[in-house]
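Just data.pdb here, PDB, C-alpha atoms and all ligand atoms:
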```
MODEL        1
ATOM      1  CA  MET A   1     -21.976  -5.056   8.757
ATOM      2  CA  PHE A   2     -22.967  -4.154  12.340
ATOM      3  CA  ASP A   3     -26.019  -6.436  12.296
ATOM      4  CA  LEU A   4     -23.912  -9.368  11.127
ATOM      5  CA  ILE A   5     -21.328  -8.741  13.847
ATOM      6  CA  LYS A   6     -24.025  -8.473  16.478
ATOM      7  CA  ARG A   7     -25.511 -11.788  15.373
ATOM      8  CA  LEU A   8     -22.108 -13.467  15.503
ATOM      9  CA  CYS A   9     -21.018 -11.959  18.831
ATOM     10  CA  GLN A  10     -24.255 -12.888  20.576
ATOM     11  CA  SER A  11     -24.120 -16.540  19.486
ATOM     12  CA  PHE A  12     -22.815 -19.095  21.945
ATOM     13  CA  GLY A  13     -19.459 -20.635  21.081
ATOM     14  CA  VAL A  14     -17.088 -21.223  23.973
ATOM     15  CA  SER A  15     -14.064 -23.283  22.830
ATOM     16  CA  GLY A  16     -15.061 -26.920  22.388
ATOM     17  CA  ASN A  17     -18.753 -25.933  22.251
ATOM     18  CA  GLU A  18     -18.967 -24.281  18.843
ATOM     19  CA  GLU A  19     -22.207 -25.873  17.581
ATOM     20  CA  ASP A  20     -24.426 -22.787  17.840
ATOM     21  CA  ILE A  21     -22.021 -20.254  16.341
ATOM     22  CA  ARG A  22     -21.173 -22.750  13.581
ATOM     23  CA  ASP A  23     -24.850 -23.030  12.605
ATOM     24  CA  VAL A  24     -25.145 -19.248  12.451
ATOM     25  CA  ILE A  25     -22.060 -18.947  10.230
ATOM     26  CA  LYS A  26     -23.248 -21.818   8.035
ATOM     27  CA  SER A  27     -26.563 -20.101   7.397
ATOM     28  CA  GLU A  28     -24.778 -16.811   6.613
ATOM     29  CA  ILE A  29     -22.719 -18.595   3.943
ATOM     30  CA  GLY A  30     -25.853 -20.206   2.481
ATOM     31  CA  ASN A  31     -25.047 -21.565  -0.968
ATOM     32  CA  LYS A  32     -22.657 -18.841  -2.027
ATOM     33  CA  LEU A  33     -19.748 -21.289  -2.310
ATOM     34  CA  ASN A  34     -19.222 -24.700  -3.928
ATOM     35  CA  GLU A  35     -18.955 -26.759  -0.783
ATOM     36  CA  VAL A  36     -19.470 -26.361   2.954
ATOM     37  CA  ARG A  37     -18.383 -29.113   5.311
ATOM     38  CA  VAL A  38     -17.685 -29.721   8.986
ATOM     39  CA  ASP A  39     -14.570 -31.734   9.805
ATOM     40  CA  ALA A  40     -13.848 -34.217  12.596
ATOM     41  CA  LEU A  41     -12.973 -31.584  15.214
ATOM     42  CA  GLY A  42     -15.817 -29.257  14.218
ATOM     43  CA  ASN A  43     -14.062 -26.744  11.960
ATOM     44  CA  LEU A  44     -16.375 -25.299   9.318
ATOM     45  CA  ILE A  45     -14.682 -25.390   5.913
ATOM     46  CA  ALA A  46     -16.290 -23.474   3.038
ATOM     47  CA  VAL A  47     -14.694 -23.975  -0.353
ATOM     48  CA  LYS A  48     -14.684 -21.913  -3.531
ATOM     49  CA  LYS A  49     -13.357 -24.363  -6.121
ATOM     50  CA  GLY A  50     -10.802 -23.390  -8.743
ATOM     51  CA  LYS A  51      -7.729 -24.495 -10.670
ATOM     52  CA  GLY A  52      -5.386 -21.821  -9.369
ATOM     53  CA  LYS A  53      -3.546 -21.484  -6.079
ATOM     54  CA  LYS A  54      -4.905 -23.199  -2.983
ATOM     55  CA  ILE A  55      -5.417 -20.532  -0.377
ATOM     56  CA  MET A  56      -6.592 -21.046   3.191
ATOM     57  CA  VAL A  57      -8.193 -18.175   5.085
ATOM     58  CA  ALA A  58      -8.855 -18.786   8.771
ATOM     59  CA  ALA A  59     -10.773 -17.065  11.539
ATOM     60  CA  HIS A  60     -11.583 -18.771  14.817
ATOM     61  CA  MET A  61     -15.210 -19.019  15.822
ATOM     62  CA  ASP A  62     -14.625 -20.004  19.451
ATOM     63  CA  GLU A  63     -14.674 -17.507  22.319
ATOM     64  CA  ILE A  64     -13.219 -17.624  25.828
ATOM     65  CA  GLY A  65     -15.457 -18.622  28.726
ATOM     66  CA  VAL A  66     -15.714 -20.688  31.886
ATOM     67  CA  LEU A  67     -16.469 -24.304  32.755
ATOM     68  CA  ALA A  68     -18.376 -25.544  35.818
ATOM     69  CA  THR A  69     -16.069 -27.704  37.947
ATOM     70  CA  PHE A  70     -17.843 -28.095  41.304
ATOM     71  CA  ILE A  71     -21.178 -27.208  42.858
ATOM     72  CA  ASP A  72     -21.235 -26.685  46.640
ATOM     73  CA  GLU A  73     -24.072 -27.681  48.989
ATOM     74  CA  LYS A  74     -25.536 -24.169  48.804
ATOM     75  CA  GLY A  75     -25.656 -24.241  45.031
ATOM     76  CA  PHE A  76     -22.728 -21.944  44.236
ATOM     77  CA  ILE A  77     -20.752 -23.065  41.203
ATOM     78  CA  ARG A  78     -16.945 -23.119  41.120
ATOM     79  CA  PHE A  79     -15.397 -22.849  37.705
ATOM     80  CA  SER A  80     -12.210 -22.941  35.679
ATOM     81  CA  ASN A  81     -11.257 -20.857  32.684
ATOM     82  CA  ILE A  82     -11.525 -21.808  29.031
ATOM     83  CA  GLY A  83      -8.854 -19.744  27.357
ATOM     84  CA  GLY A  84      -7.316 -16.556  28.724
ATOM     85  CA  VAL A  85      -9.839 -15.348  31.316
ATOM     86  CA  SER A  86      -8.715 -12.519  33.604
ATOM     87  CA  GLN A  87      -9.999 -12.760  37.179
ATOM     88  CA  PHE A  88     -10.235  -8.963  37.239
ATOM     89  CA  PHE A  89     -12.272  -8.727  34.039
ATOM     90  CA  ALA A  90     -14.475 -11.615  35.219
ATOM     91  CA  LEU A  91     -15.373 -10.108  38.572
ATOM     92  CA  GLY A  92     -18.915  -8.770  38.679
ATOM     93  CA  GLN A  93     -19.715 -10.031  35.190
ATOM     94  CA  ARG A  94     -22.532 -12.296  34.132
ATOM     95  CA  VAL A  95     -22.061 -15.631  32.436
ATOM     96  CA  LYS A  96     -24.569 -17.572  30.375
ATOM     97  CA  PHE A  97     -24.646 -21.324  29.881
ATOM     98  CA  ARG A  98     -25.656 -22.768  26.517
ATOM     99  CA  ASN A  99     -29.139 -23.587  27.849
ATOM    100  CA  GLY A 100     -29.649 -19.924  28.730
ATOM    101  CA  VAL A 101     -29.086 -20.163  32.507
ATOM    102  CA  THR A 102     -27.427 -16.938  33.626
ATOM    103  CA  GLY A 103     -25.244 -16.382  36.678
ATOM    104  CA  ALA A 104     -23.270 -13.626  38.403
ATOM    105  CA  VAL A 105     -19.532 -14.043  38.977
ATOM    106  CA  PHE A 106     -18.398 -13.015  42.461
ATOM    107  CA  TYR A 107     -15.643 -13.757  44.965
ATOM    108  CA  GLU A 108     -14.975 -14.885  48.542
ATOM    109  CA  GLU A 109     -15.249 -11.635  50.445
ATOM    110  CA  LYS A 110     -12.739 -12.559  53.146
ATOM    111  CA  LEU A 111      -9.935 -12.055  50.585
ATOM    112  CA  ASP A 112      -7.575  -9.513  52.271
ATOM    113  CA  ASP A 113      -5.985  -8.017  49.171
ATOM    114  CA  MET A 114      -7.652  -7.704  45.752
ATOM    115  CA  LYS A 115      -4.252  -8.327  44.168
ATOM    116  CA  ASN A 116      -4.528 -11.932  45.354
ATOM    117  CA  LEU A 117      -7.818 -12.476  43.565
ATOM    118  CA  LYS A 118      -7.802 -15.829  41.765
ATOM    119  CA  LEU A 119     -10.423 -17.588  39.678
ATOM    120  CA  SER A 120     -10.260 -20.414  42.233
ATOM    121  CA  SER A 121     -11.614 -18.080  44.933
ATOM    122  CA  MET A 122     -14.540 -17.014  42.746
ATOM    123  CA  TYR A 123     -17.919 -18.598  42.081
ATOM    124  CA  ILE A 124     -20.988 -18.344  39.861
ATOM    125  CA  ASP A 125     -24.278 -17.539  41.573
ATOM    126  CA  ILE A 126     -27.311 -18.753  39.611
ATOM    127  CA  GLY A 127     -29.704 -18.131  42.470
ATOM    128  CA  ALA A 128     -29.938 -21.804  43.397
ATOM    129  CA  ILE A 129     -30.887 -22.759  46.954
ATOM    130  CA  SER A 130     -28.992 -26.058  47.107
ATOM    131  CA  ARG A 131     -26.708 -28.333  45.115
ATOM    132  CA  GLU A 132     -29.727 -30.338  43.944
ATOM    133  CA  ASP A 133     -31.457 -27.168  42.828
ATOM    134  CA  ALA A 134     -28.369 -25.980  40.912
ATOM    135  CA  GLU A 135     -27.891 -29.377  39.282
ATOM    136  CA  LYS A 136     -31.313 -29.075  37.679
ATOM    137  CA  LYS A 137     -29.863 -26.257  35.578
ATOM    138  CA  VAL A 138     -26.109 -26.736  35.367
ATOM    139  CA  GLN A 139     -23.987 -29.882  35.194
ATOM    140  CA  ILE A 140     -20.290 -30.279  35.943
ATOM    141  CA  GLY A 141     -18.454 -29.659  32.666
ATOM    142  CA  ASP A 142     -21.011 -27.226  31.264
ATOM    143  CA  ALA A 143     -19.435 -24.208  29.580
ATOM    144  CA  ALA A 144     -20.648 -20.610  29.869
ATOM    145  CA  CYS A 145     -19.736 -17.467  27.970
ATOM    146  CA  PHE A 146     -19.464 -13.958  29.395
ATOM    147  CA  LEU A 147     -22.309 -11.579  28.624
ATOM    148  CA  GLY A 148     -21.638  -8.263  26.933
ATOM    149  CA  GLU A 149     -24.144  -6.494  24.734
ATOM    150  CA  THR A 150     -23.091  -5.586  21.182
ATOM    151  CA  VAL A 151     -23.467  -1.847  20.595
ATOM    152  CA  GLN A 152     -22.242   0.709  18.098
ATOM    153  CA  GLU A 153     -20.880   4.069  19.288
ATOM    154  CA  GLY A 154     -19.758   6.264  16.410
ATOM    155  CA  ASP A 155     -17.232   4.230  14.431
ATOM    156  CA  VAL A 156     -16.615   1.594  17.091
ATOM    157  CA  ILE A 157     -18.355  -1.571  18.150
ATOM    158  CA  ILE A 158     -18.273  -2.561  21.809
ATOM    159  CA  SER A 159     -19.051  -6.204  22.561
ATOM    160  CA  LYS A 160     -18.039  -9.514  24.026
ATOM    161  CA  ALA A 161     -16.476 -12.067  21.663
ATOM    162  CA  LEU A 162     -15.186  -9.645  19.027
ATOM    163  CA  ASP A 163     -12.179 -11.967  19.415
ATOM    164  CA  ASP A 164     -12.717 -13.433  16.908
ATOM    165  CA  ARG A 165     -16.248 -12.935  15.622
ATOM    166  CA  ALA A 166     -14.828  -9.723  14.132
ATOM    167  CA  GLY A 167     -12.561 -11.943  12.032
ATOM    168  CA  CYS A 168     -15.464 -14.269  11.186
ATOM    169  CA  SER A 169     -17.459 -11.274   9.938
ATOM    170  CA  VAL A 170     -14.544 -10.246   7.693
ATOM    171  CA  LEU A 171     -14.466 -13.718   6.118
ATOM    172  CA  LEU A 172     -18.245 -13.727   5.650
ATOM    173  CA  GLN A 173     -18.213 -10.318   3.972
ATOM    174  CA  ALA A 174     -15.394 -11.487   1.697
ATOM    175  CA  ILE A 175     -17.440 -14.588   0.784
ATOM    176  CA  LYS A 176     -20.522 -12.493   0.020
ATOM    177  CA  ASN A 177     -18.713 -10.246  -2.450
ATOM    178  CA  LEU A 178     -16.083 -12.597  -3.788
ATOM    179  CA  PRO A 179     -15.030 -11.604  -7.327
ATOM    180  CA  GLU A 180     -14.257 -14.142 -10.074
ATOM    181  CA  THR A 181     -10.952 -15.926  -9.506
ATOM    182  CA  GLU A 182      -9.128 -19.072 -10.589
ATOM    183  CA  ASN A 183      -7.868 -19.673  -7.056
ATOM    184  CA  GLU A 184      -9.263 -22.423  -4.877
ATOM    185  CA  ILE A 185     -10.123 -20.693  -1.627
ATOM    186  CA  TYR A 186     -10.789 -22.432   1.670
ATOM    187  CA  PHE A 187     -12.585 -20.247   4.187
ATOM    188  CA  VAL A 188     -12.068 -21.993   7.497
ATOM    189  CA  PHE A 189     -13.907 -21.093  10.679
ATOM    190  CA  THR A 190     -11.754 -22.845  13.244
ATOM    191  CA  VAL A 191     -12.501 -24.338  16.662
ATOM    192  CA  GLN A 192     -10.501 -24.168  19.892
ATOM    193  CA  GLU A 193      -8.090 -21.393  18.932
ATOM    194  CA  GLU A 194      -8.241 -20.035  22.464
ATOM    195  CA  LEU A 195      -6.984 -23.379  23.800
ATOM    196  CA  GLY A 196      -3.908 -23.472  21.582
ATOM    197  CA  LEU A 197      -4.765 -23.091  17.886
ATOM    198  CA  ARG A 198      -6.124 -26.638  17.824
ATOM    199  CA  GLY A 199      -8.664 -26.487  15.001
ATOM    200  CA  ALA A 200      -6.292 -24.598  12.706
ATOM    201  CA  LYS A 201      -3.747 -27.375  13.050
ATOM    202  CA  THR A 202      -6.021 -30.173  11.875
ATOM    203  CA  SER A 203      -7.808 -28.184   9.178
ATOM    204  CA  ALA A 204      -4.549 -27.017   7.580
ATOM    205  CA  TYR A 205      -3.360 -30.625   7.479
ATOM    206  CA  GLN A 206      -6.436 -31.649   5.465
ATOM    207  CA  ILE A 207      -6.185 -28.750   3.073
ATOM    208  CA  LEU A 208      -2.388 -28.469   2.612
ATOM    209  CA  PRO A 209      -2.720 -24.959   1.156
ATOM    210  CA  ASP A 210      -0.101 -23.108  -0.914
ATOM    211  CA  MET A 211      -0.607 -20.059   1.276
ATOM    212  CA  ALA A 212      -2.612 -19.119   4.361
ATOM    213  CA  ILE A 213      -3.943 -15.922   5.874
ATOM    214  CA  ALA A 214      -5.415 -15.800   9.369
ATOM    215  CA  VAL A 215      -7.783 -13.013  10.365
ATOM    216  CA  ASP A 216      -7.886 -12.298  14.084
ATOM    217  CA  VAL A 217      -7.834  -9.407  16.526
ATOM    218  CA  THR A 218      -4.681  -7.876  17.973
ATOM    219  CA  LYS A 219      -3.850  -5.554  20.843
ATOM    220  CA  THR A 220      -3.478  -1.805  20.506
ATOM    221  CA  GLY A 221      -1.202   0.791  22.040
ATOM    222  CA  ASP A 222      -3.645   3.679  22.085
ATOM    223  CA  THR A 223      -5.299   3.617  25.524
ATOM    224  CA  PRO A 224      -4.252   5.622  28.633
ATOM    225  CA  GLU A 225      -0.862   4.555  30.057
ATOM    226  CA  CYS A 226      -0.815   1.277  28.131
ATOM    227  CA  LYS A 227       2.281  -0.611  27.025
ATOM    228  CA  PRO A 228       3.807   0.875  23.871
ATOM    229  CA  MET A 229       2.581  -0.769  20.671
ATOM    230  CA  ALA A 230       2.472   0.700  17.175
ATOM    231  CA  VAL A 231      -1.141  -0.299  16.450
ATOM    232  CA  LYS A 232      -4.172   1.839  17.035
ATOM    233  CA  CYS A 233      -7.891   1.289  16.819
ATOM    234  CA  GLY A 234      -9.192   2.993  13.656
ATOM    235  CA  GLY A 235      -5.741   3.152  12.029
ATOM    236  CA  GLY A 236      -6.569   0.425   9.517
ATOM    237  CA  PRO A 237      -6.160  -3.359   9.515
ATOM    238  CA  ALA A 238      -2.722  -4.510  10.664
ATOM    239  CA  VAL A 239      -0.382  -6.692   8.646
ATOM    240  CA  LYS A 240       1.183  -9.072  11.116
ATOM    241  CA  ILE A 241       4.954  -9.246  11.246
ATOM    242  CA  LYS A 242       5.214 -11.484  14.290
ATOM    243  CA  ASP A 243       3.638 -12.704  17.494
ATOM    244  CA  ASN A 244       4.530 -15.525  19.890
ATOM    245  CA  SER A 245       3.296 -18.202  17.513
ATOM    246  CA  VAL A 246       4.650 -17.163  14.119
ATOM    247  CA  ILE A 247       7.003 -14.975  12.152
ATOM    248  CA  CYS A 248       4.940 -14.271   9.082
ATOM    249  CA  HIS A 249       6.297 -15.424   5.750
ATOM    250  CA  PRO A 250       7.957 -12.486   3.938
ATOM    251  CA  GLU A 251       6.061 -13.198   0.712
ATOM    252  CA  VAL A 252       2.676 -13.169   2.396
ATOM    253  CA  ARG A 253       3.552 -10.056   4.342
ATOM    254  CA  ARG A 254       4.732  -8.363   1.127
ATOM    255  CA  LEU A 255       1.600  -9.412  -0.746
ATOM    256  CA  LEU A 256      -0.608  -7.845   1.938
ATOM    257  CA  GLU A 257       1.443  -4.654   2.092
ATOM    258  CA  ASP A 258       1.607  -4.310  -1.699
ATOM    259  CA  LYS A 259      -2.152  -4.764  -2.068
ATOM    260  CA  ALA A 260      -2.833  -2.209   0.656
ATOM    261  CA  LYS A 261      -0.547   0.323  -1.037
ATOM    262  CA  GLN A 262      -1.963  -0.306  -4.530
ATOM    263  CA  LEU A 263      -5.529   0.132  -3.347
ATOM    264  CA  ASN A 264      -4.875   2.928  -0.896
ATOM    265  CA  ILE A 265      -6.132   0.904   2.024
ATOM    266  CA  PRO A 266      -4.802   2.336   5.281
ATOM    267  CA  TYR A 267      -2.786  -0.312   7.154
ATOM    268  CA  GLN A 268      -0.436  -0.703  10.079
ATOM    269  CA  LEU A 269       2.367  -3.106  10.925
ATOM    270  CA  GLU A 270       1.840  -5.386  13.886
ATOM    271  CA  VAL A 271       4.420  -6.834  16.239
ATOM    272  CA  LEU A 272       2.547  -8.493  19.087
ATOM    273  CA  SER A 273       4.727  -9.284  22.102
ATOM    274  CA  ALA A 274       2.446 -11.914  23.656
ATOM    275  CA  GLY A 275      -0.244 -14.130  22.216
ATOM    276  CA  GLY A 276      -0.669 -16.057  19.006
ATOM    277  CA  THR A 277      -3.133 -16.821  16.267
ATOM    278  CA  ASP A 278      -4.151 -19.591  13.861
ATOM    279  CA  ALA A 279      -1.269 -18.755  11.491
ATOM    280  CA  GLY A 280       1.008 -20.108  14.225
ATOM    281  CA  ALA A 281      -0.383 -23.611  13.793
ATOM    282  CA  ILE A 282      -0.956 -23.434  10.040
ATOM    283  CA  HIS A 283       2.590 -22.436   9.043
ATOM    284  CA  LEU A 284       4.047 -25.502  10.805
ATOM    285  CA  THR A 285       1.740 -27.947   9.051
ATOM    286  CA  ALA A 286       3.202 -30.790   6.972
ATOM    287  CA  GLY A 287       6.246 -29.434   5.104
ATOM    288  CA  GLY A 288       5.326 -25.852   6.072
ATOM    289  CA  VAL A 289       2.811 -23.350   4.718
ATOM    290  CA  PRO A 290       3.728 -19.715   3.894
ATOM    291  CA  SER A 291       1.420 -17.894   6.264
ATOM    292  CA  GLY A 292       0.525 -14.402   7.318
ATOM    293  CA  ALA A 293      -2.253 -12.582   9.095
ATOM    294  CA  ILE A 294      -4.517  -9.594   8.854
ATOM    295  CA  SER A 295      -5.205  -8.318  12.360
ATOM    296  CA  ILE A 296      -8.089  -6.201  13.547
ATOM    297  CA  PRO A 297      -6.941  -3.697  16.186
ATOM    298  CA  CYS A 298      -8.976  -4.422  19.328
ATOM    299  CA  ARG A 299      -8.976  -2.745  22.724
ATOM    300  CA  ASN A 300      -9.683  -4.659  25.950
ATOM    301  CA  ILE A 301      -9.155  -8.109  24.424
ATOM    302  CA  HIS A 302     -10.664 -10.995  26.399
ATOM    303  CA  SER A 303     -13.034  -8.711  28.274
ATOM    304  CA  PRO A 304     -16.807  -8.410  27.813
ATOM    305  CA  SER A 305     -16.155  -4.919  26.419
ATOM    306  CA  GLU A 306     -13.833  -5.448  23.496
ATOM    307  CA  ILE A 307     -13.698  -2.535  21.060
ATOM    308  CA  VAL A 308     -13.009  -2.528  17.311
ATOM    309  CA  SER A 309     -13.475   0.057  14.566
ATOM    310  CA  LEU A 310     -16.036  -0.584  11.811
ATOM    311  CA  LYS A 311     -13.806   1.250   9.351
ATOM    312  CA  ASP A 312     -10.949  -1.123  10.163
ATOM    313  CA  LEU A 313     -13.258  -4.071   9.546
ATOM    314  CA  GLU A 314     -14.393  -2.772   6.186
ATOM    315  CA  ASN A 315     -10.800  -2.139   5.149
ATOM    316  CA  ALA A 316      -9.827  -5.622   6.340
ATOM    317  CA  VAL A 317     -12.505  -7.097   4.044
ATOM    318  CA  LYS A 318     -11.070  -5.160   1.079
ATOM    319  CA  LEU A 319      -7.502  -6.127   1.886
ATOM    320  CA  LEU A 320      -8.348  -9.797   2.360
ATOM    321  CA  THR A 321     -10.459 -10.004  -0.795
ATOM    322  CA  GLU A 322      -7.822  -8.398  -2.989
ATOM    323  CA  SER A 323      -5.076 -10.613  -1.574
ATOM    324  CA  ILE A 324      -6.746 -13.938  -2.309
ATOM    325  CA  ILE A 325      -8.172 -13.434  -5.803
TER     326      ILE A 325
HETATM  327 CO    CO A 401      -8.412 -14.630  21.995
HETATM  328 ZN    ZN A 402      -8.442 -14.480  18.733
ENDMDL
END
```

Written form, structure tokens:
Amino acid sequence: MFDLIKRLCQSFGVSGNEEDIRDVIKSEIGNKLNEVRVDALGNLIAVKKGKGKKIMVAAHMDEIGVLATFIDEKGFIRFSNIGGVSQFFALGQRVKFRNGVTGAVFYEEKLDDMKNLKLSSMYIDIGAISREDAEKKVQIGDAACFLGETVQEGDVIISKALDDRAGCSVLLQAIKNLPETENEIYFVFTVQEELGLRGAKTSAYQILPDMAIAVDVTKTGDTPECKPMAVKCGGGPAVKIKDNSVICHPEVRRLLEDKAKQLNIPYQLEVLSAGGTDAGAIHLTAGGVPSGAISIPCRNIHSPSEIVSLKDLENAVKLLTESII
């Protein structure tokens, strides 16, 4: 599973620019399902046909990043965020544009207090000597992702973009080993989640599923002096109760909990105080869709060094598979 995750995490896919990661996911699916299509907004929808319940499973394939907004006469690039980018996590990092051009993110040194650091007082240095020189490599509006190698240390994976390539890998594993079932299952790899669950909204409307399960990362409460939260990395996949975007449907929540208990899959209950996921958009679609979520505990979310447990991922695959067949 590590190799798959590495491949996914290292593919380019900043929100609104999901072409590369979508191609990688498409080739991983191959012809294991009945139909694979790309919709108007770019969501990848892979369908296992059947006469039973219509189930939608969603993981977002986009990642946070930055967007070039202005290039000064010396060739330094100003940028804005795509999704929730922390100025503190961004400082000193490298970003890579889709064409491979790499830059270092730094800040105006005259800043008196680091607490006042803002993305607007930071810039990307691609080693250009002038605006003209920079423009040969980067155009206004070009998106770049943060760099962060994908490595395994014991049971954990450290990487950029585990939000939500970890979820994408869970869906792909479930597709690879999908048992016989009557259900019609829609595996949806959504776009633009980080900008407000946009792809989930339009894909759910096309599918109108009987039930939906989102697979995404969630915060943990197991690092030094962090805010209290009853989820820990390595404690098993989490069954979402609520976040800022959704209160999960009691039937979906019960289904996930019952399956976990029956199969002795370790699991945790998740109440996330801030943030949302695709289930937030899906459950409000049309007349409403009973929705829930399986969350992968993840430390350092939205940093180039996100951390998830491989064991949690494997258990998430089991839990998802058993809940949709
Ligand atoms: Co995110
Ligand atoms: Zn996410």

Can you write out as a Markdown table which residues of chain A fall within 9 Å of ligand CO 401 (chain A), alongside each residue's closest atom pair and its distance in Å to one decimal, counting only C-alpha atoms and all ligand atoms and ordering rows by chain and ascending residue number?
```
| residue | atom | partner | partner_atom | distance |
| --- | --- | --- | --- | --- |
| A:His60 | CA | A:CO401 | CO | 8.9 |
| A:Asp62 | CA | A:CO401 | CO | 8.6 |
| A:Glu63 | CA | A:CO401 | CO | 6.9 |
| A:Ile64 | CA | A:CO401 | CO | 6.8 |
| A:Gly83 | CA | A:CO401 | CO | 7.4 |
| A:Gly84 | CA | A:CO401 | CO | 7.1 |
| A:Ala161 | CA | A:CO401 | CO | 8.5 |
| A:Leu162 | CA | A:CO401 | CO | 8.9 |
| A:Asp163 | CA | A:CO401 | CO | 5.3 |
| A:Asp164 | CA | A:CO401 | CO | 6.8 |
| A:Glu193 | CA | A:CO401 | CO | 7.4 |
| A:Glu194 | CA | A:CO401 | CO | 5.4 |
| A:Asp216 | CA | A:CO401 | CO | 8.3 |
| A:Val217 | CA | A:CO401 | CO | 7.6 |
| A:Thr218 | CA | A:CO401 | CO | 8.7 |
| A:Gly275 | CA | A:CO401 | CO | 8.2 |
| A:Gly276 | CA | A:CO401 | CO | 8.4 |
| A:Thr277 | CA | A:CO401 | CO | 8.1 |
| A:Ile301 | CA | A:CO401 | CO | 7.0 |
| A:His302 | CA | A:CO401 | CO | 6.1 |
```

- Write out as a PyMOL selection string the residues lying within 12 Å of Ala279 of chain A, counting all atoms listed in the file and excluding same-chain residues fewer than 2 positions away. chain A and resi 56-60+188+190+193+196-201+203-204+211-216+240-249+252+275-277+281-285+288-295

5 Å per side around segment 184-199 of chain A: axis-aligned box centre and edge lengths, as AutoDock Vina command-line options:
```
--center_x -8.9 --center_y -23.3 --center_z 9.5 --size_x 20.0 --size_y 16.6 --size_z 38.7
```

Mind checking which residues fall within 10 Å of Glu108 of chain A, counting only C-alpha atoms, ignoring those fewer than 4 positions away in the same chain, and posting them as a JSON list (two decimals) with C-alpha atoms, in the frame of the given file?
```
[["chain", "number", "residue", "atom", "x", "y", "z"],
["A", 112, "ASP", "CA", -7.58, -9.51, 52.27],
["A", 117, "LEU", "CA", -7.82, -12.48, 43.56],
["A", 118, "LYS", "CA", -7.80, -15.83, 41.76],
["A", 120, "SER", "CA", -10.26, -20.41, 42.23],
["A", 121, "SER", "CA", -11.61, -18.08, 44.93],
["A", 122, "MET", "CA", -14.54, -17.01, 42.75],
["A", 123, "TYR", "CA", -17.92, -18.60, 42.08]]
```

- Show me as a list in words the residues that reach within 8 Å of (-18.9, -20.9, 18.0), counting all atoms listed in the file and using the file's own coordinates. Ser11, Phe12, Gly13, Val14, Ser15, Asn17, Glu18, Glu19, Asp20, Ile21, Arg22, Met61, Asp62, Glu63 and Val191 of chain A

Counting all atoms listed in the file, what is within 8 Å of Phe76 of chain A, bar same-chain residues fewer than 5 positions away, as a compact mmCIF listing (two decimals) with C-alpha atoms, keeping the file's coordinate frame?
```txt
# COMPACT_ATOMS: atom_id res chain seq x y z
CA ILE A 71 -21.18 -27.21 42.86
CA TYR A 123 -17.92 -18.60 42.08
CA ILE A 124 -20.99 -18.34 39.86
CA ASP A 125 -24.28 -17.54 41.57
CA ILE A 126 -27.31 -18.75 39.61
CA ALA A 128 -29.94 -21.80 43.40
CA ARG A 131 -26.71 -28.33 45.12
CA ALA A 134 -28.37 -25.98 40.91
```

- Item | Length of the atom CA of Pro266 of chain A to atom CA of Asp210 of chain A vector [Å] | 26.6 Å
